[in-house]
There are 2 protein chains.
Amino acid sequence: VVDATGISPEEWTLWRAFLRSHARVSREIDLQLQRDAGLAQGEYATISAILESPRRRLRIGEIAEALGWEKSRVSHLIGRMEQRSLVAREACADDARAVEIVVTPEGRRKQLAAVRAHAAEVRRVFLDHVSPDEREVMTRVLRRVIDELGSTGQR
Amino acid sequence: VVDATGISPEEWTLWRAFLRSHARVSREIDLQLQRDAGLAQGEYATISAILESPRRRLRIGEIAEALGWEKSRVSHLIGRMEQRSLVAREACADDARAVEIVVTPEGRRKQLAAVRAHAAEVRRVFLDHVSPDEREVMTRVLRRVIDELGSTGQR
């Protein structure tokens with residue numbers, strides 16, 4: 001059975017489960033990060049992405065790529081994080097006109113305060129409910145979705 | 001290989017793919033809904049949930065359940081949608097103290113304006129990249145995640 005939109009009930013069910021599971025999981029993760037570190041999910045993800053990068057510094061476009069966000073949205077986030085002294089801008093060594101974002105000691109301290117509880121929460125709300133076989137299927141599908149949509153970093 | 005948090009690289013990869021794919025897909029859907037109907041994704045989902053309910057009216061808690069949002073967040077959304085005349089509050093026939101949300105003709109008109117383009121966009125950004133077998137696995141996993149986290153409607 002396919003309705004006038006050409007989408008079957010099973011397809012709508014998956015789409016809604018995708019949105020709804022993300023909303024529920026995201027809410028729990030936000031609560032945990034606020035409680036343990038006073039950080040929003042995007043702030044935590046930004047700090048983690050920078051700290052895990054080879055040189056511990058990333059451009060705005062690289063952060064946008066890692067998060068799947070638009071560059072302009074990341075710029076706003078970085079502005080707010082700078083005001084709270086979680087990150088700082090530094091001139092890029094290779095390109096004087098470019099700017100790279102680094103994590104301040106305060107940002108690092110907050111992320112460290114949350115990292116174990118965060119991992120436990122990611123496991124509790126999500127990973128514990130996915131078997132290794134299912135994980136393989138889901139990772140393959142979600143990466144395909146990301147790849148098909150292409151880069152956001154340059155926008 | 002498992003790090004100090006007890007989470008393997010494959011598990012982190014899935015978790016990040018989940019967040020990133022949602023962010024990317026959500027961005028595309030938001031752009032489409034704004035363009036075709038001037039509606040945010042949560043507004044469109046709220047109107048659709050009400051129109052698809054048996055009596056075409058839902059309580060705030062039922063909308064929260066459908067979206068996976070907190071009740072308080074839905075209340076704020078409904079307030080803003082009321083001001084824009086997209087939905088209205090009506091007393092519940094069975095319980096004079098309870099309130100139900102209905103869609104106004106204006107809300108219905110906006111949803112109708114977007115429904116075909118929305119379905120096409122959901123297909124383009126997400127459903128087209130999932131085979132029937134993969135769909136079954138993902139639906140099963142995401143529903144399990146939702147069920148394990150339990151209801152948000154009463155909070």
# chains A, B, ... in the order shown; residues from 1 in each chain; ligands from 1
$ residues_around --residues "A:Arg124" --least-positions-apart "4" --cutoff "12 Å" --atoms "only C-alpha atoms" --output "list in words"
Val25, Glu28, Ile29, Gln32, Ala117, His118, Ala119, Ala120, Asp128, His129 and Val130 of chain A; Ile7, Val145, Ile146, Glu148 and Leu149 of chain B
$ write_last_selection --atoms "C-alpha atoms" --output "PDB file, in the first residue's frame"
ATOM      1  CA  VAL A  25      17.840  10.201  22.726  1.00  0.00           C
ATOM      2  CA  GLU A  28      18.456  12.497  27.468  1.00  0.00           C
ATOM      3  CA  ILE A  29      21.961  13.361  26.286  1.00  0.00           C
ATOM      4  CA  GLN A  32      23.179  14.557  31.096  1.00  0.00           C
ATOM      5  CA  ALA A 117      29.075   9.970  32.325  1.00  0.00           C
ATOM      6  CA  HIS A 118      28.473  10.899  28.682  1.00  0.00           C
ATOM      7  CA  ALA A 119      29.795   7.567  27.415  1.00  0.00           C
ATOM      8  CA  ALA A 120      27.654   5.723  29.966  1.00  0.00           C
ATOM      9  CA  ASP A 128      22.934  -1.008  24.488  1.00  0.00           C
ATOM     10  CA  HIS A 129      19.927  -1.517  22.223  1.00  0.00           C
ATOM     11  CA  VAL A 130      21.914  -2.311  19.050  1.00  0.00           C
TER      12      VAL A 130
ATOM     13  CA  ILE B   7      32.878   2.097  24.079  1.00  0.00           C
ATOM     14  CA  VAL B 145      15.460   2.600  21.476  1.00  0.00           C
ATOM     15  CA  ILE B 146      12.207   4.579  21.751  1.00  0.00           C
ATOM     16  CA  GLU B 148      13.381   1.537  26.237  1.00  0.00           C
ATOM     17  CA  LEU B 149      13.383   5.255  26.946  1.00  0.00           C
TER      18      LEU B 149
END
$ select_by_dssp --residues "chain A" --states "strand (DSSP E)" --output "ChimeraX atom specification"
/A:87-91,99-103
$ write_last_selection --atoms "N, CA and C atoms" --output "PDB file, in the first residue's frame"
ATOM      1  N   VAL A  87      36.332  28.011  23.994  1.00  0.00           N
ATOM      2  CA  VAL A  87      37.225  27.892  22.838  1.00  0.00           C
ATOM      3  C   VAL A  87      37.828  29.264  22.541  1.00  0.00           C
ATOM      4  N   ALA A  88      38.877  29.274  21.712  1.00  0.00           N
ATOM      5  CA  ALA A  88      39.482  30.544  21.286  1.00  0.00           C
ATOM      6  C   ALA A  88      39.843  30.448  19.805  1.00  0.00           C
ATOM      7  N   ARG A  89      39.896  31.599  19.158  1.00  0.00           N
ATOM      8  CA  ARG A  89      40.321  31.647  17.758  1.00  0.00           C
ATOM      9  C   ARG A  89      41.816  31.916  17.700  1.00  0.00           C
ATOM     10  N   GLU A  90      42.501  31.223  16.798  1.00  0.00           N
ATOM     11  CA  GLU A  90      43.921  31.502  16.584  1.00  0.00           C
ATOM     12  C   GLU A  90      44.176  31.597  15.095  1.00  0.00           C
ATOM     13  N   ALA A  91      45.147  32.436  14.715  1.00  0.00           N
ATOM     14  CA  ALA A  91      45.496  32.524  13.300  1.00  0.00           C
ATOM     15  C   ALA A  91      46.096  31.193  12.864  1.00  0.00           C
ATOM     16  N   VAL A  99      41.397  31.241  10.138  1.00  0.00           N
ATOM     17  CA  VAL A  99      41.314  31.165  11.596  1.00  0.00           C
ATOM     18  C   VAL A  99      41.053  29.720  11.993  1.00  0.00           C
ATOM     19  N   GLU A 100      41.692  29.295  13.063  1.00  0.00           N
ATOM     20  CA  GLU A 100      41.419  27.958  13.592  1.00  0.00           C
ATOM     21  C   GLU A 100      40.895  28.072  15.013  1.00  0.00           C
ATOM     22  N   ILE A 101      40.082  27.102  15.384  1.00  0.00           N
ATOM     23  CA  ILE A 101      39.480  27.109  16.715  1.00  0.00           C
ATOM     24  C   ILE A 101      40.226  26.120  17.596  1.00  0.00           C
ATOM     25  N   VAL A 102      40.619  26.568  18.772  1.00  0.00           N
ATOM     26  CA  VAL A 102      41.260  25.688  19.751  1.00  0.00           C
ATOM     27  C   VAL A 102      40.406  25.654  21.023  1.00  0.00           C
ATOM     28  N   VAL A 103      40.595  24.610  21.824  1.00  0.00           N
ATOM     29  CA  VAL A 103      39.863  24.476  23.082  1.00  0.00           C
ATOM     30  C   VAL A 103      40.686  25.109  24.202  1.00  0.00           C
TER      31      VAL A 103
END
$ interface_residues --of "chain A" --to "chain B" --cutoff "6 Å" --atoms "only C-alpha atoms" --output "VMD selection string"
chain A and resid 5 14 17 20 to 21 23 to 24 67 to 68 116 119 139 142 146
$ atom_distance --atom1 "atom CA of A:His76" --atom2 "atom CA of B:Ser72"
25.7 Å
$ select_by_dssp --residues "chain A" --states "helix (DSSP H, G or I)" --output "VMD selection string"
chain A and resid 9 to 37 41 to 52 60 to 67 71 to 83 105 to 125 127 to 129 132 to 149
$ write_last_selection --atoms "C-alpha atoms" --output "mmCIF file, in the first residue's frame"
data_model
loop_
_atom_site.group_PDB
_atom_site.id
_atom_site.type_symbol
_atom_site.label_atom_id
_atom_site.label_comp_id
_atom_site.auth_asym_id
_atom_site.auth_seq_id
_atom_site.Cartn_x
_atom_site.Cartn_y
_atom_site.Cartn_z
ATOM 1 C CA PRO A 9 3.344 2.886 5.483
ATOM 2 C CA GLU A 10 6.520 0.915 6.320
ATOM 3 C CA GLU A 11 8.614 3.740 4.930
ATOM 4 C CA TRP A 12 6.728 6.393 6.928
ATOM 5 C CA THR A 13 7.136 4.221 10.012
ATOM 6 C CA LEU A 14 10.906 4.158 9.583
ATOM 7 C CA TRP A 15 11.063 7.897 8.916
ATOM 8 C CA ARG A 16 9.077 8.699 12.036
ATOM 9 C CA ALA A 17 11.041 6.247 14.158
ATOM 10 C CA PHE A 18 14.223 7.975 12.956
ATOM 11 C CA LEU A 19 12.965 11.445 13.970
ATOM 12 C CA ARG A 20 11.378 10.285 17.191
ATOM 13 C CA SER A 21 14.299 8.171 18.399
ATOM 14 C CA HIS A 22 16.672 11.055 17.700
ATOM 15 C CA ALA A 23 14.465 13.502 19.622
ATOM 16 C CA ARG A 24 14.177 11.175 22.629
ATOM 17 C CA VAL A 25 17.840 10.201 22.726
ATOM 18 C CA SER A 26 18.978 13.765 22.171
ATOM 19 C CA ARG A 27 16.864 15.009 25.069
ATOM 20 C CA GLU A 28 18.456 12.497 27.468
ATOM 21 C CA ILE A 29 21.961 13.361 26.286
ATOM 22 C CA ASP A 30 21.289 17.089 26.669
ATOM 23 C CA LEU A 31 20.088 16.597 30.238
ATOM 24 C CA GLN A 32 23.179 14.557 31.096
ATOM 25 C CA LEU A 33 25.647 17.039 29.565
ATOM 26 C CA GLN A 34 23.966 20.015 31.223
ATOM 27 C CA ARG A 35 23.977 18.225 34.565
ATOM 28 C CA ASP A 36 27.569 16.984 34.433
ATOM 29 C CA ALA A 37 29.310 19.789 32.559
ATOM 30 C CA GLN A 41 25.223 18.738 23.017
ATOM 31 C CA GLY A 42 26.629 20.838 20.149
ATOM 32 C CA GLU A 43 29.195 22.405 22.477
ATOM 33 C CA TYR A 44 30.332 19.016 23.719
ATOM 34 C CA ALA A 45 30.534 17.656 20.177
ATOM 35 C CA THR A 46 32.554 20.687 19.035
ATOM 36 C CA ILE A 47 35.071 20.400 21.870
ATOM 37 C CA SER A 48 35.410 16.639 21.280
ATOM 38 C CA ALA A 49 35.895 17.049 17.533
ATOM 39 C CA ILE A 50 38.687 19.608 18.087
ATOM 40 C CA LEU A 51 40.440 17.557 20.786
ATOM 41 C CA GLU A 52 40.344 14.417 18.638
ATOM 42 C CA ILE A 60 34.856 26.309 11.268
ATOM 43 C CA GLY A 61 34.175 24.349 8.054
ATOM 44 C CA GLU A 62 35.794 21.229 9.495
ATOM 45 C CA ILE A 63 33.654 21.465 12.626
ATOM 46 C CA ALA A 64 30.572 21.915 10.431
ATOM 47 C CA GLU A 65 31.535 18.763 8.545
ATOM 48 C CA ALA A 66 32.002 16.746 11.732
ATOM 49 C CA LEU A 67 28.637 17.802 13.174
ATOM 50 C CA LYS A 71 28.842 26.630 8.614
ATOM 51 C CA SER A 72 26.822 29.690 9.681
ATOM 52 C CA ARG A 73 25.246 27.778 12.567
ATOM 53 C CA VAL A 74 28.687 26.641 13.729
ATOM 54 C CA SER A 75 29.945 30.241 13.538
ATOM 55 C CA HIS A 76 27.179 31.359 15.903
ATOM 56 C CA LEU A 77 27.914 28.473 18.260
ATOM 57 C CA ILE A 78 31.645 29.266 18.289
ATOM 58 C CA GLY A 79 30.849 32.918 19.048
ATOM 59 C CA ARG A 80 28.820 31.913 22.092
ATOM 60 C CA MET A 81 31.464 29.404 23.188
ATOM 61 C CA GLU A 82 34.184 32.058 22.884
ATOM 62 C CA GLN A 83 32.225 34.375 25.166
ATOM 63 C CA PRO A 105 41.803 24.836 29.470
ATOM 64 C CA GLU A 106 38.308 25.695 30.757
ATOM 65 C CA GLY A 107 36.690 23.958 27.767
ATOM 66 C CA ARG A 108 38.913 20.926 28.251
ATOM 67 C CA ARG A 109 38.076 20.835 31.971
ATOM 68 C CA LYS A 110 34.336 20.855 31.282
ATOM 69 C CA GLN A 111 34.594 18.149 28.647
ATOM 70 C CA LEU A 112 36.694 15.961 30.973
ATOM 71 C CA ALA A 113 34.120 16.390 33.731
ATOM 72 C CA ALA A 114 31.470 14.899 31.447
ATOM 73 C CA VAL A 115 33.268 12.305 29.354
ATOM 74 C CA ARG A 116 32.669 9.166 31.433
ATOM 75 C CA ALA A 117 29.075 9.970 32.325
ATOM 76 C CA HIS A 118 28.473 10.899 28.682
ATOM 77 C CA ALA A 119 29.795 7.567 27.415
ATOM 78 C CA ALA A 120 27.654 5.723 29.966
ATOM 79 C CA GLU A 121 24.605 7.695 28.852
ATOM 80 C CA VAL A 122 25.248 7.078 25.130
ATOM 81 C CA ARG A 123 25.454 3.397 25.965
ATOM 82 C CA ARG A 124 22.291 3.439 28.094
ATOM 83 C CA VAL A 125 20.082 5.378 25.691
ATOM 84 C CA LEU A 127 24.270 1.566 22.017
ATOM 85 C CA ASP A 128 22.934 -1.008 24.488
ATOM 86 C CA HIS A 129 19.927 -1.517 22.223
ATOM 87 C CA PRO A 132 26.778 -5.979 16.509
ATOM 88 C CA ASP A 133 24.951 -7.149 13.341
ATOM 89 C CA GLU A 134 22.419 -4.358 13.595
ATOM 90 C CA ARG A 135 25.203 -1.880 14.238
ATOM 91 C CA GLU A 136 26.880 -2.854 11.007
ATOM 92 C CA VAL A 137 23.667 -2.387 8.990
ATOM 93 C CA MET A 138 22.820 0.940 10.605
ATOM 94 C CA THR A 139 26.302 2.379 10.243
ATOM 95 C CA ARG A 140 26.324 1.447 6.556
ATOM 96 C CA VAL A 141 22.917 3.036 5.923
ATOM 97 C CA LEU A 142 23.530 6.236 7.895
ATOM 98 C CA ARG A 143 26.913 6.789 6.251
ATOM 99 C CA ARG A 144 25.285 6.328 2.863
ATOM 100 C CA VAL A 145 22.688 8.962 3.791
ATOM 101 C CA ILE A 146 25.432 11.370 4.892
ATOM 102 C CA ASP A 147 27.545 10.743 1.780
ATOM 103 C CA GLU A 148 24.618 11.223 -0.595
ATOM 104 C CA LEU A 149 23.817 14.603 0.910
#
$ atom_distance --atom1 "atom CA of B:Leu39" --atom2 "atom CA of B:Cys92"
26.5 Å
